[in-house]
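final07.cif follows; it contains mmCIF, C-alpha atoms.
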data_data
loop_
_atom_site.group_PDB
_atom_site.id
_atom_site.type_symbol
_atom_site.label_atom_id
_atom_site.label_comp_id
_atom_site.auth_asym_id
_atom_site.auth_seq_id
_atom_site.Cartn_x
_atom_site.Cartn_y
_atom_site.Cartn_z
ATOM 1 C CA MET A 1 8.773 -11.903 13.060
ATOM 2 C CA GLY A 2 9.402 -10.603 16.566
ATOM 3 C CA GLY A 3 11.650 -7.796 17.787
ATOM 4 C CA ALA A 4 11.605 -4.025 17.364
ATOM 5 C CA ALA A 5 12.617 -4.077 13.706
ATOM 6 C CA VAL A 6 9.281 -5.307 12.312
ATOM 7 C CA ARG A 7 8.729 -3.624 8.962
ATOM 8 C CA VAL A 8 5.177 -3.053 7.728
ATOM 9 C CA LEU A 9 4.302 -2.420 4.075
ATOM 10 C CA ILE A 10 1.158 -0.264 4.137
ATOM 11 C CA ALA A 11 -0.576 -0.380 0.751
ATOM 12 C CA PRO A 12 -4.205 0.818 0.942
ATOM 13 C CA ASP A 13 -6.560 1.960 -1.780
ATOM 14 C CA SER A 14 -8.707 5.020 -1.134
ATOM 15 C CA PHE A 15 -11.806 4.834 1.014
ATOM 16 C CA LYS A 16 -13.930 6.227 -1.796
ATOM 17 C CA GLY A 17 -15.734 9.411 -0.905
ATOM 18 C CA THR A 18 -13.974 9.618 2.471
ATOM 19 C CA TYR A 19 -10.180 9.346 2.464
ATOM 20 C CA ARG A 20 -7.573 9.354 -0.273
ATOM 21 C CA ALA A 21 -5.219 6.388 -0.359
ATOM 22 C CA ALA A 22 -2.328 8.551 0.840
ATOM 23 C CA GLU A 23 -4.387 9.755 3.806
ATOM 24 C CA VAL A 24 -5.175 6.183 4.822
ATOM 25 C CA ALA A 25 -1.542 5.106 4.453
ATOM 26 C CA ASP A 26 -0.292 8.064 6.487
ATOM 27 C CA ALA A 27 -2.771 7.550 9.324
ATOM 28 C CA VAL A 28 -2.092 3.818 9.641
ATOM 29 C CA ALA A 29 1.659 4.399 9.391
ATOM 30 C CA ASP A 30 1.573 7.100 12.075
ATOM 31 C CA GLY A 31 -0.111 4.648 14.432
ATOM 32 C CA ALA A 32 2.284 1.832 13.580
ATOM 33 C CA GLU A 33 5.334 4.026 14.063
ATOM 34 C CA SER A 34 4.011 5.202 17.420
ATOM 35 C CA ALA A 35 4.069 1.523 18.456
ATOM 36 C CA GLY A 36 7.687 1.097 17.390
ATOM 37 C CA LEU A 37 7.191 -0.455 13.957
ATOM 38 C CA GLU A 38 9.019 0.542 10.806
ATOM 39 C CA THR A 39 6.765 1.393 7.856
ATOM 40 C CA ILE A 40 6.814 1.607 4.095
ATOM 41 C CA ARG A 41 3.985 3.849 2.875
ATOM 42 C CA MET A 42 2.669 2.817 -0.525
ATOM 43 C CA PRO A 43 -0.811 4.157 -1.375
ATOM 44 C CA VAL A 44 -2.251 2.203 -4.297
ATOM 45 C CA ALA A 45 -5.127 2.220 -6.803
ATOM 46 C CA ASP A 46 -6.725 -0.289 -9.159
ATOM 47 C CA GLY A 47 -6.865 1.707 -12.374
ATOM 48 C CA GLY A 48 -9.852 3.821 -11.395
ATOM 49 C CA ASP A 49 -10.165 7.020 -9.394
ATOM 50 C CA GLY A 50 -6.938 7.924 -7.627
ATOM 51 C CA THR A 51 -4.632 6.175 -10.092
ATOM 52 C CA LEU A 52 -3.088 9.411 -11.360
ATOM 53 C CA GLU A 53 -2.423 10.587 -7.824
ATOM 54 C CA VAL A 54 -0.608 7.443 -6.690
ATOM 55 C CA LEU A 55 1.482 7.296 -9.902
ATOM 56 C CA THR A 56 2.461 10.971 -10.050
ATOM 57 C CA GLY A 57 5.441 10.720 -7.715
ATOM 58 C CA PRO A 58 6.757 7.262 -8.648
ATOM 59 C CA LEU A 59 6.571 7.968 -12.404
ATOM 60 C CA GLY A 60 7.798 11.543 -12.093
ATOM 61 C CA LEU A 61 4.716 12.968 -13.747
ATOM 62 C CA GLU A 62 4.098 16.658 -14.296
ATOM 63 C CA LEU A 63 0.427 17.533 -13.869
ATOM 64 C CA ILE A 64 -0.879 19.470 -16.858
ATOM 65 C CA GLU A 65 -4.254 21.175 -16.628
ATOM 66 C CA ILE A 66 -6.294 21.461 -19.796
ATOM 67 C CA ASP A 67 -9.709 22.568 -20.958
ATOM 68 C CA SER A 68 -11.898 19.735 -22.207
ATOM 69 C CA VAL A 69 -15.550 18.681 -22.101
ATOM 70 C CA ASN A 70 -17.578 16.535 -19.744
ATOM 71 C CA PRO A 71 -19.672 13.503 -20.798
ATOM 72 C CA TRP A 72 -22.381 15.807 -22.162
ATOM 73 C CA ARG A 73 -19.923 18.043 -24.044
ATOM 74 C CA ALA A 74 -20.189 20.905 -21.539
ATOM 75 C CA PRO A 75 -16.866 22.672 -20.899
ATOM 76 C CA CYS A 76 -14.766 21.310 -18.052
ATOM 77 C CA SER A 77 -11.150 21.325 -16.989
ATOM 78 C CA GLY A 78 -8.894 18.692 -15.526
ATOM 79 C CA SER A 79 -5.352 17.412 -15.349
ATOM 80 C CA PHE A 80 -3.363 14.555 -16.793
ATOM 81 C CA GLY A 81 0.182 13.527 -15.932
ATOM 82 C CA LEU A 82 3.153 13.558 -18.309
ATOM 83 C CA GLY A 83 6.572 12.085 -17.584
ATOM 84 C CA GLU A 84 9.940 12.858 -19.113
ATOM 85 C CA ASP A 85 10.025 9.352 -20.608
ATOM 86 C CA GLY A 86 6.932 10.137 -22.700
ATOM 87 C CA THR A 87 4.426 8.309 -20.507
ATOM 88 C CA ALA A 88 1.137 10.135 -19.998
ATOM 89 C CA VAL A 89 -1.502 9.067 -17.475
ATOM 90 C CA VAL A 90 -5.098 10.139 -18.096
ATOM 91 C CA GLU A 91 -7.919 9.352 -15.673
ATOM 92 C CA LEU A 92 -11.091 8.840 -17.667
ATOM 93 C CA ALA A 93 -13.129 9.741 -14.578
ATOM 94 C CA THR A 94 -11.718 13.268 -14.675
ATOM 95 C CA PHE A 95 -13.323 14.123 -18.002
ATOM 96 C CA SER A 96 -15.924 11.401 -18.627
ATOM 97 C CA GLY A 97 -16.720 10.243 -15.121
ATOM 98 C CA ILE A 98 -19.892 9.617 -13.222
ATOM 99 C CA THR A 99 -18.755 12.293 -10.741
ATOM 100 C CA THR A 100 -17.564 14.805 -13.366
ATOM 101 C CA PRO A 101 -19.455 18.054 -12.637
ATOM 102 C CA HIS A 102 -22.492 18.755 -14.838
ATOM 103 C CA LYS A 103 -25.343 21.208 -14.328
ATOM 104 C CA GLY A 104 -27.873 19.551 -16.615
ATOM 105 C CA PHE A 105 -29.567 16.174 -16.881
ATOM 106 C CA ARG A 106 -27.057 13.335 -16.646
ATOM 107 C CA ASP A 107 -28.456 11.366 -19.572
ATOM 108 C CA PRO A 108 -26.820 7.905 -19.804
ATOM 109 C CA MET A 109 -27.786 7.664 -23.478
ATOM 110 C CA THR A 110 -25.964 10.787 -24.625
ATOM 111 C CA ALA A 111 -22.963 10.618 -22.296
ATOM 112 C CA ASP A 112 -19.768 10.050 -24.250
ATOM 113 C CA THR A 113 -15.985 9.950 -23.905
ATOM 114 C CA TYR A 114 -15.133 12.831 -26.241
ATOM 115 C CA GLY A 115 -13.486 14.742 -23.375
ATOM 116 C CA THR A 116 -11.167 11.855 -22.566
ATOM 117 C CA GLY A 117 -10.203 11.628 -26.229
ATOM 118 C CA LEU A 118 -9.327 15.329 -26.202
ATOM 119 C CA ALA A 119 -7.060 14.742 -23.194
ATOM 120 C CA MET A 120 -5.356 11.806 -24.923
ATOM 121 C CA ALA A 121 -4.739 13.854 -28.049
ATOM 122 C CA GLU A 122 -3.419 16.784 -26.031
ATOM 123 C CA ALA A 123 -1.016 14.481 -24.199
ATOM 124 C CA VAL A 124 0.362 13.310 -27.545
ATOM 125 C CA ARG A 125 0.584 16.895 -28.807
ATOM 126 C CA ARG A 126 2.742 17.674 -25.765
ATOM 127 C CA GLY A 127 5.106 14.805 -26.447
ATOM 128 C CA ALA A 128 3.557 11.663 -25.008
ATOM 129 C CA THR A 129 4.596 8.458 -26.744
ATOM 130 C CA HIS A 130 2.619 6.130 -24.457
ATOM 131 C CA VAL A 131 -0.822 7.125 -23.204
ATOM 132 C CA VAL A 132 -2.094 5.186 -20.184
ATOM 133 C CA VAL A 133 -5.809 5.633 -19.516
ATOM 134 C CA ALA A 134 -7.189 4.642 -16.109
ATOM 135 C CA ALA A 135 -10.690 3.611 -17.165
ATOM 136 C CA GLY A 136 -12.648 3.333 -13.912
ATOM 137 C CA GLY A 137 -15.592 5.462 -12.886
ATOM 138 C CA SER A 138 -17.104 6.345 -16.251
ATOM 139 C CA ALA A 139 -20.529 7.872 -16.834
ATOM 140 C CA THR A 140 -20.539 6.566 -20.382
ATOM 141 C CA THR A 141 -21.613 3.599 -22.490
ATOM 142 C CA ASP A 142 -20.545 4.881 -25.896
ATOM 143 C CA GLY A 143 -18.176 2.060 -26.797
ATOM 144 C CA GLY A 144 -15.318 4.548 -26.962
ATOM 145 C CA LEU A 145 -16.755 6.225 -30.046
ATOM 146 C CA GLY A 146 -16.643 9.677 -28.493
ATOM 147 C CA ALA A 147 -12.967 9.374 -27.640
ATOM 148 C CA ILE A 148 -12.178 8.002 -31.095
ATOM 149 C CA ALA A 149 -13.953 10.967 -32.705
ATOM 150 C CA ALA A 150 -12.045 13.427 -30.505
ATOM 151 C CA VAL A 151 -8.683 11.860 -31.346
ATOM 152 C CA VAL A 152 -9.487 11.864 -35.065
ATOM 153 C CA ASP A 153 -10.691 15.476 -34.892
ATOM 154 C CA ALA A 154 -7.425 16.444 -33.180
ATOM 155 C CA GLY A 155 -5.267 14.797 -35.832
ATOM 156 C CA GLY A 156 -4.703 11.337 -34.373
ATOM 157 C CA LEU A 157 -2.188 9.801 -32.016
ATOM 158 C CA GLY A 158 0.700 9.454 -34.443
ATOM 159 C CA THR A 159 2.959 6.623 -33.320
ATOM 160 C CA ALA A 160 1.945 6.826 -29.656
ATOM 161 C CA THR A 161 0.787 3.609 -28.043
ATOM 162 C CA VAL A 162 -2.209 3.265 -25.737
ATOM 163 C CA THR A 163 -2.732 1.173 -22.600
ATOM 164 C CA VAL A 164 -6.133 0.975 -20.913
ATOM 165 C CA LEU A 165 -6.190 0.032 -17.238
ATOM 166 C CA THR A 166 -9.242 -1.834 -16.012
ATOM 167 C CA ASP A 167 -10.356 -4.069 -13.168
ATOM 168 C CA VAL A 168 -13.144 -5.898 -15.027
ATOM 169 C CA THR A 169 -13.329 -8.736 -17.548
ATOM 170 C CA THR A 170 -16.728 -7.712 -18.966
ATOM 171 C CA ARG A 171 -16.948 -7.898 -22.742
ATOM 172 C CA TYR A 172 -17.961 -5.099 -25.097
ATOM 173 C CA ILE A 173 -21.596 -6.046 -25.762
ATOM 174 C CA ASP A 174 -22.267 -6.694 -22.076
ATOM 175 C CA ALA A 175 -21.175 -3.228 -20.922
ATOM 176 C CA ALA A 176 -24.650 -1.687 -20.908
ATOM 177 C CA ARG A 177 -26.267 -4.625 -19.139
ATOM 178 C CA VAL A 178 -23.588 -4.868 -16.453
ATOM 179 C CA PHE A 179 -22.802 -1.211 -15.829
ATOM 180 C CA GLY A 180 -25.642 0.789 -17.392
ATOM 181 C CA PRO A 181 -28.007 0.721 -14.396
ATOM 182 C CA GLN A 182 -25.419 2.255 -12.079
ATOM 183 C CA LYS A 183 -25.060 5.088 -14.606
ATOM 184 C CA GLY A 184 -28.779 5.814 -14.578
ATOM 185 C CA ALA A 185 -29.939 3.629 -17.479
ATOM 186 C CA ASP A 186 -33.353 1.994 -17.132
ATOM 187 C CA GLU A 187 -34.252 -1.278 -18.860
ATOM 188 C CA THR A 188 -35.241 0.398 -22.128
ATOM 189 C CA THR A 189 -32.101 2.535 -22.191
ATOM 190 C CA VAL A 190 -29.920 -0.505 -21.491
ATOM 191 C CA GLU A 191 -31.453 -2.203 -24.513
ATOM 192 C CA ARG A 192 -30.842 0.843 -26.710
ATOM 193 C CA LEU A 193 -27.245 1.156 -25.496
ATOM 194 C CA THR A 194 -26.638 -2.531 -26.179
ATOM 195 C CA HIS A 195 -27.917 -2.197 -29.739
ATOM 196 C CA ARG A 196 -25.589 0.771 -30.234
ATOM 197 C CA LEU A 197 -22.626 -1.257 -28.980
ATOM 198 C CA GLU A 198 -23.549 -4.082 -31.364
ATOM 199 C CA ASP A 199 -23.625 -1.639 -34.274
ATOM 200 C CA ALA A 200 -20.303 -0.118 -33.229
ATOM 201 C CA ALA A 201 -18.598 -3.495 -32.897
ATOM 202 C CA VAL A 202 -19.081 -4.336 -36.571
ATOM 203 C CA THR A 203 -17.999 -0.916 -37.835
ATOM 204 C CA LEU A 204 -14.731 -0.641 -35.885
ATOM 205 C CA PRO A 205 -11.466 -1.763 -37.535
ATOM 206 C CA ARG A 206 -11.395 -4.830 -35.244
ATOM 207 C CA ASP A 207 -14.324 -6.595 -33.612
ATOM 208 C CA PRO A 208 -13.983 -6.350 -29.823
ATOM 209 C CA ARG A 209 -16.916 -8.573 -28.886
ATOM 210 C CA GLU A 210 -14.965 -11.716 -27.970
ATOM 211 C CA VAL A 211 -12.167 -10.012 -26.017
ATOM 212 C CA ASP A 212 -12.268 -9.966 -22.214
ATOM 213 C CA GLY A 213 -12.113 -6.512 -20.655
ATOM 214 C CA THR A 214 -13.359 -4.634 -23.701
ATOM 215 C CA GLY A 215 -16.537 -3.656 -21.852
ATOM 216 C CA ALA A 216 -14.638 -1.539 -19.328
ATOM 217 C CA ALA A 217 -15.833 2.056 -19.012
ATOM 218 C CA GLY A 218 -18.913 1.366 -21.106
ATOM 219 C CA GLY A 219 -16.918 -0.169 -23.929
ATOM 220 C CA PHE A 220 -14.238 2.540 -23.984
ATOM 221 C CA ALA A 221 -11.585 -0.151 -23.572
ATOM 222 C CA GLY A 222 -12.948 -2.052 -26.572
ATOM 223 C CA GLY A 223 -13.035 1.043 -28.711
ATOM 224 C CA MET A 224 -9.402 1.793 -27.898
ATOM 225 C CA TRP A 225 -8.413 -1.821 -28.567
ATOM 226 C CA ALA A 226 -10.248 -1.891 -31.881
ATOM 227 C CA GLN A 227 -9.238 1.526 -33.202
ATOM 228 C CA PHE A 228 -5.773 2.100 -31.774
ATOM 229 C CA GLY A 229 -4.541 -1.377 -30.849
ATOM 230 C CA ALA A 230 -4.619 -0.535 -27.157
ATOM 231 C CA ASP A 231 -3.139 -2.960 -24.656
ATOM 232 C CA LEU A 232 -5.735 -3.863 -22.018
ATOM 233 C CA ARG A 233 -4.089 -4.403 -18.649
ATOM 234 C CA SER A 234 -5.084 -5.061 -15.085
ATOM 235 C CA GLY A 235 -5.030 -1.647 -13.459
ATOM 236 C CA ALA A 236 -4.079 -3.143 -10.115
ATOM 237 C CA ASP A 237 -1.082 -5.033 -11.505
ATOM 238 C CA PHE A 238 0.071 -2.053 -13.582
ATOM 239 C CA VAL A 239 0.029 0.167 -10.501
ATOM 240 C CA LEU A 240 1.801 -2.382 -8.289
ATOM 241 C CA ASP A 241 4.525 -2.845 -10.905
ATOM 242 C CA ALA A 242 4.948 0.916 -11.358
ATOM 243 C CA LEU A 243 5.249 1.429 -7.591
ATOM 244 C CA GLY A 244 7.845 -1.323 -7.162
ATOM 245 C CA PHE A 245 5.580 -3.326 -4.873
ATOM 246 C CA ASP A 246 7.468 -6.623 -5.208
ATOM 247 C CA ALA A 247 10.770 -5.066 -4.187
ATOM 248 C CA ALA A 248 9.164 -3.419 -1.162
ATOM 249 C CA LEU A 249 7.429 -6.672 -0.258
ATOM 250 C CA ALA A 250 10.761 -8.501 -0.127
ATOM 251 C CA GLY A 251 11.751 -6.400 2.876
ATOM 252 C CA ALA A 252 8.414 -6.484 4.691
ATOM 253 C CA ASP A 253 7.372 -8.628 7.656
ATOM 254 C CA LEU A 254 3.708 -7.621 7.515
ATOM 255 C CA VAL A 255 1.456 -6.207 4.790
ATOM 256 C CA VAL A 256 -1.532 -3.932 5.301
ATOM 257 C CA VAL A 257 -4.197 -3.552 2.632
ATOM 258 C CA GLY A 258 -7.218 -1.299 2.787
ATOM 259 C CA GLU A 259 -10.317 -0.095 0.972
ATOM 260 C CA GLY A 260 -13.630 1.485 1.821
ATOM 261 C CA ARG A 261 -15.553 -1.800 1.801
ATOM 262 C CA LEU A 262 -14.176 -5.319 1.868
ATOM 263 C CA ASP A 263 -16.695 -7.721 0.328
ATOM 264 C CA ALA A 264 -17.068 -10.425 -2.299
ATOM 265 C CA GLN A 265 -16.318 -7.937 -5.081
ATOM 266 C CA SER A 266 -12.847 -7.462 -3.601
ATOM 267 C CA ARG A 267 -11.961 -10.861 -5.083
ATOM 268 C CA SER A 268 -12.463 -9.753 -8.686
ATOM 269 C CA GLY A 269 -9.632 -7.704 -10.138
ATOM 270 C CA LYS A 270 -9.503 -5.258 -7.241
ATOM 271 C CA ILE A 271 -6.252 -4.096 -5.716
ATOM 272 C CA VAL A 272 -6.690 -6.210 -2.569
ATOM 273 C CA SER A 273 -6.897 -9.434 -4.577
ATOM 274 C CA ALA A 274 -3.898 -8.391 -6.694
ATOM 275 C CA ILE A 275 -1.830 -7.824 -3.566
ATOM 276 C CA LEU A 276 -2.904 -11.117 -2.021
ATOM 277 C CA ALA A 277 -1.785 -12.898 -5.194
ATOM 278 C CA ARG A 278 1.730 -11.521 -4.715
ATOM 279 C CA VAL A 279 2.133 -12.084 -0.972
ATOM 280 C CA HIS A 280 3.207 -15.629 -0.168
ATOM 281 C CA ALA A 281 4.810 -15.467 3.278
ATOM 282 C CA ALA A 282 4.052 -12.267 5.188
ATOM 283 C CA PRO A 283 0.735 -12.011 7.068
ATOM 284 C CA VAL A 284 -1.793 -9.647 5.484
ATOM 285 C CA VAL A 285 -3.989 -7.379 7.605
ATOM 286 C CA ALA A 286 -6.971 -5.543 6.120
ATOM 287 C CA VAL A 287 -7.878 -2.106 7.490
ATOM 288 C CA VAL A 288 -11.212 -1.176 5.933
ATOM 289 C CA GLY A 289 -14.185 1.123 6.290
ATOM 290 C CA SER A 290 -16.704 -1.709 6.400
ATOM 291 C CA VAL A 291 -17.047 -5.459 5.811
ATOM 292 C CA GLY A 292 -19.731 -7.023 3.616
ATOM 293 C CA ASP A 293 -21.916 -9.885 4.795
ATOM 294 C CA ASP A 294 -20.908 -11.779 1.633
ATOM 295 C CA LEU A 295 -17.201 -11.981 2.477
ATOM 296 C CA GLY A 296 -17.412 -15.717 3.184
ATOM 297 C CA ASP A 297 -14.186 -17.690 3.172
ATOM 298 C CA TYR A 298 -12.321 -14.701 1.714
ATOM 299 C CA ARG A 299 -11.997 -13.625 5.351
ATOM 300 C CA ASP A 300 -9.543 -16.495 5.836
ATOM 301 C CA ARG A 301 -7.017 -14.756 3.554
ATOM 302 C CA PHE A 302 -6.289 -12.181 6.251
ATOM 303 C CA ALA A 303 -4.447 -12.492 9.547
ATOM 304 C CA GLU A 304 -6.853 -9.873 10.870
ATOM 305 C CA ILE A 305 -9.524 -7.486 9.582
ATOM 306 C CA MET A 306 -9.823 -4.132 11.346
ATOM 307 C CA VAL A 307 -12.677 -1.698 10.706
ATOM 308 C CA ALA A 308 -11.705 1.970 10.912
ATOM 309 C CA THR A 309 -13.980 4.807 9.849
ATOM 310 C CA ASP A 310 -12.021 7.934 10.789
ATOM 311 C CA ARG A 311 -8.415 9.089 11.134
ATOM 312 C CA ASP A 312 -8.213 8.330 14.846
ATOM 313 C CA ALA A 313 -9.462 4.797 14.217
ATOM 314 C CA LEU A 314 -6.977 4.366 11.365
ATOM 315 C CA ARG A 315 -4.113 5.441 13.639
ATOM 316 C CA ALA A 316 -5.364 3.092 16.339
ATOM 317 C CA ALA A 317 -5.458 0.238 13.829
ATOM 318 C CA GLY A 318 -1.855 0.997 12.931
ATOM 319 C CA ALA A 319 -0.831 0.877 16.563
ATOM 320 C CA ARG A 320 -2.572 -2.484 17.024
ATOM 321 C CA LEU A 321 -0.345 -3.998 14.350
ATOM 322 C CA ALA A 322 2.374 -4.248 16.995
ATOM 323 C CA ARG A 323 0.469 -7.205 18.477
ATOM 324 C CA LEU A 324 1.384 -9.178 15.377
ATOM 325 C CA GLY A 325 5.054 -8.257 15.588
#
Just give me the structure as structure tokens.
Amino acid sequence: MGGAAVRVLIAPDSFKGTYRAAEVADAVADGAESAGLETIRMPVADGGDGTLEVLTGPLGLELIEIDSVNPWRAPCSGSFGLGEDGTAVVELATFSGITTPHKGFRDPMTADTYGTGLAMAEAVRRGATHVVVAAGGSATTDGGLGAIAAVVDAGGLGTATVTVLTDVTTRYIDAARVFGPQKGADETTVERLTHRLEDAAVTLPRDPREVDGTGAAGGFAGGMWAQFGADLRSGADFVLDALGFDAALAGADLVVVGEGRLDAQSRSGKIVSAILARVHAAPVVAVVGSVGDDLGDYRDRFAEIMVATDRDALRAAGARLARLG
């Protein structure tokens, strides 16, 4: 790989709560370029928070701000992206997310996806023919019923198709048990939410209970699959395809991945594992905010793991990549 023409493909996810994916990519690239390396900056996402941002440029999306409601039906505003080809990208976390602003009690039992449904319907009203919903980061376990109600109230989706991006394989009925506690649900509430999902499953046009991934976003994915025939796709793979990752990889000598914490969960549908599955020859370096004690033999997948917790450290990590050139 030697010589001054080493080309590095820098494809980090965000360091959640600290740095956006683009900020990480820029800092690492600045360091690498200062050491004489060529770089390709490709901030990525896995179908959760940050997906709209990383797709806006590559898909030529116009950001459209709308008024909607948060998970407890309080007014909120947010943006979705709309491309000239009719593709709309909606981040569920914007309208129905666990971090969506709310002044009252964040009740996991009453939280719903009505606001996301309003955004989907508005995208169609403005000309979208394909609505892509990035489903990560929800505050909800409503089985998608809120979004369905909002779409129906707004007049439906017409002939528009729906794709839901997810990084989990959890099934519909398991959504409350797996994700409810992190949304504030205690044991009793988890049981009540599970019963509600069971009731919803048998009233929807199709039964989502035996389909992998339908539990994403508290069953939102299953509701979309059952009601609107949504295609459920790996968010990580959708993003990598949209960004042209494989073509960029063909010209790269070294690949850098990154996320806030590299641990055992990184194996399961996350962007790092999706990238590793596509890289067969070039060494892969991880630049991360922290490393979990449970990483185990996953550590062997990387030529090196560098921990960087601020911009200066990220730039320094980029400069150190020259040692591998």
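What the PyMOL selection byres ((chain A and resi 168-174) around 6) picks from this file is Thr166, Asp167, Ala175, Ala176, Arg177, Leu197, Arg209, Asp212, Gly213, Thr214, Gly215 and Gly219 of chain A.
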Legend entry - Explicit residue set for the PyMOL selection byres ((chain A and resi 80) around 6), as a PyMOL selection string: chain A and resi 63-64+79+81+89-90
Write a file of the just-selected residues containing C-alpha atoms, as a PDB file, in the frame of the given file.
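As written to disk, part_13.pdb reads:
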ATOM      1  CA  LEU A  63       0.427  17.533 -13.869  1.00  0.00           C
ATOM      2  CA  ILE A  64      -0.879  19.470 -16.858  1.00  0.00           C
ATOM      3  CA  SER A  79      -5.352  17.412 -15.349  1.00  0.00           C
ATOM      4  CA  GLY A  81       0.182  13.527 -15.932  1.00  0.00           C
ATOM      5  CA  VAL A  89      -1.502   9.067 -17.475  1.00  0.00           C
ATOM      6  CA  VAL A  90      -5.098  10.139 -18.096  1.00  0.00           C
TER       7      VAL A  90
END
Legend entry - Target residues per the PyMOL selection byres ((chain A and resi 13) around 10), formatted as a VMD selection string: chain A and resid 10 to 12 14 to 16 19 to 25 42 to 46 49 to 51 54 257 to 260 270 to 272 288
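The coordinates place atom CA of Leu249 of chain A at 7.6 Å from atom CA of Val279 of chain A.
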Inset, instruction - Have a look at atom CA of Leu204 of chain A and atom CA of Gly143 of chain A and let me know their distance in Å, one decimal. - result: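 Separation between atom CA of Leu204 of chain A and atom CA of Gly143 of chain A: 10.1 Å.
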Inset, instruction - Find, counting only C-alpha atoms, the residue in A:Ser273, A:Gly31, A:Leu145, A:Ala111 that gets nearest to Ala319 of chain A. - result: A:Gly31
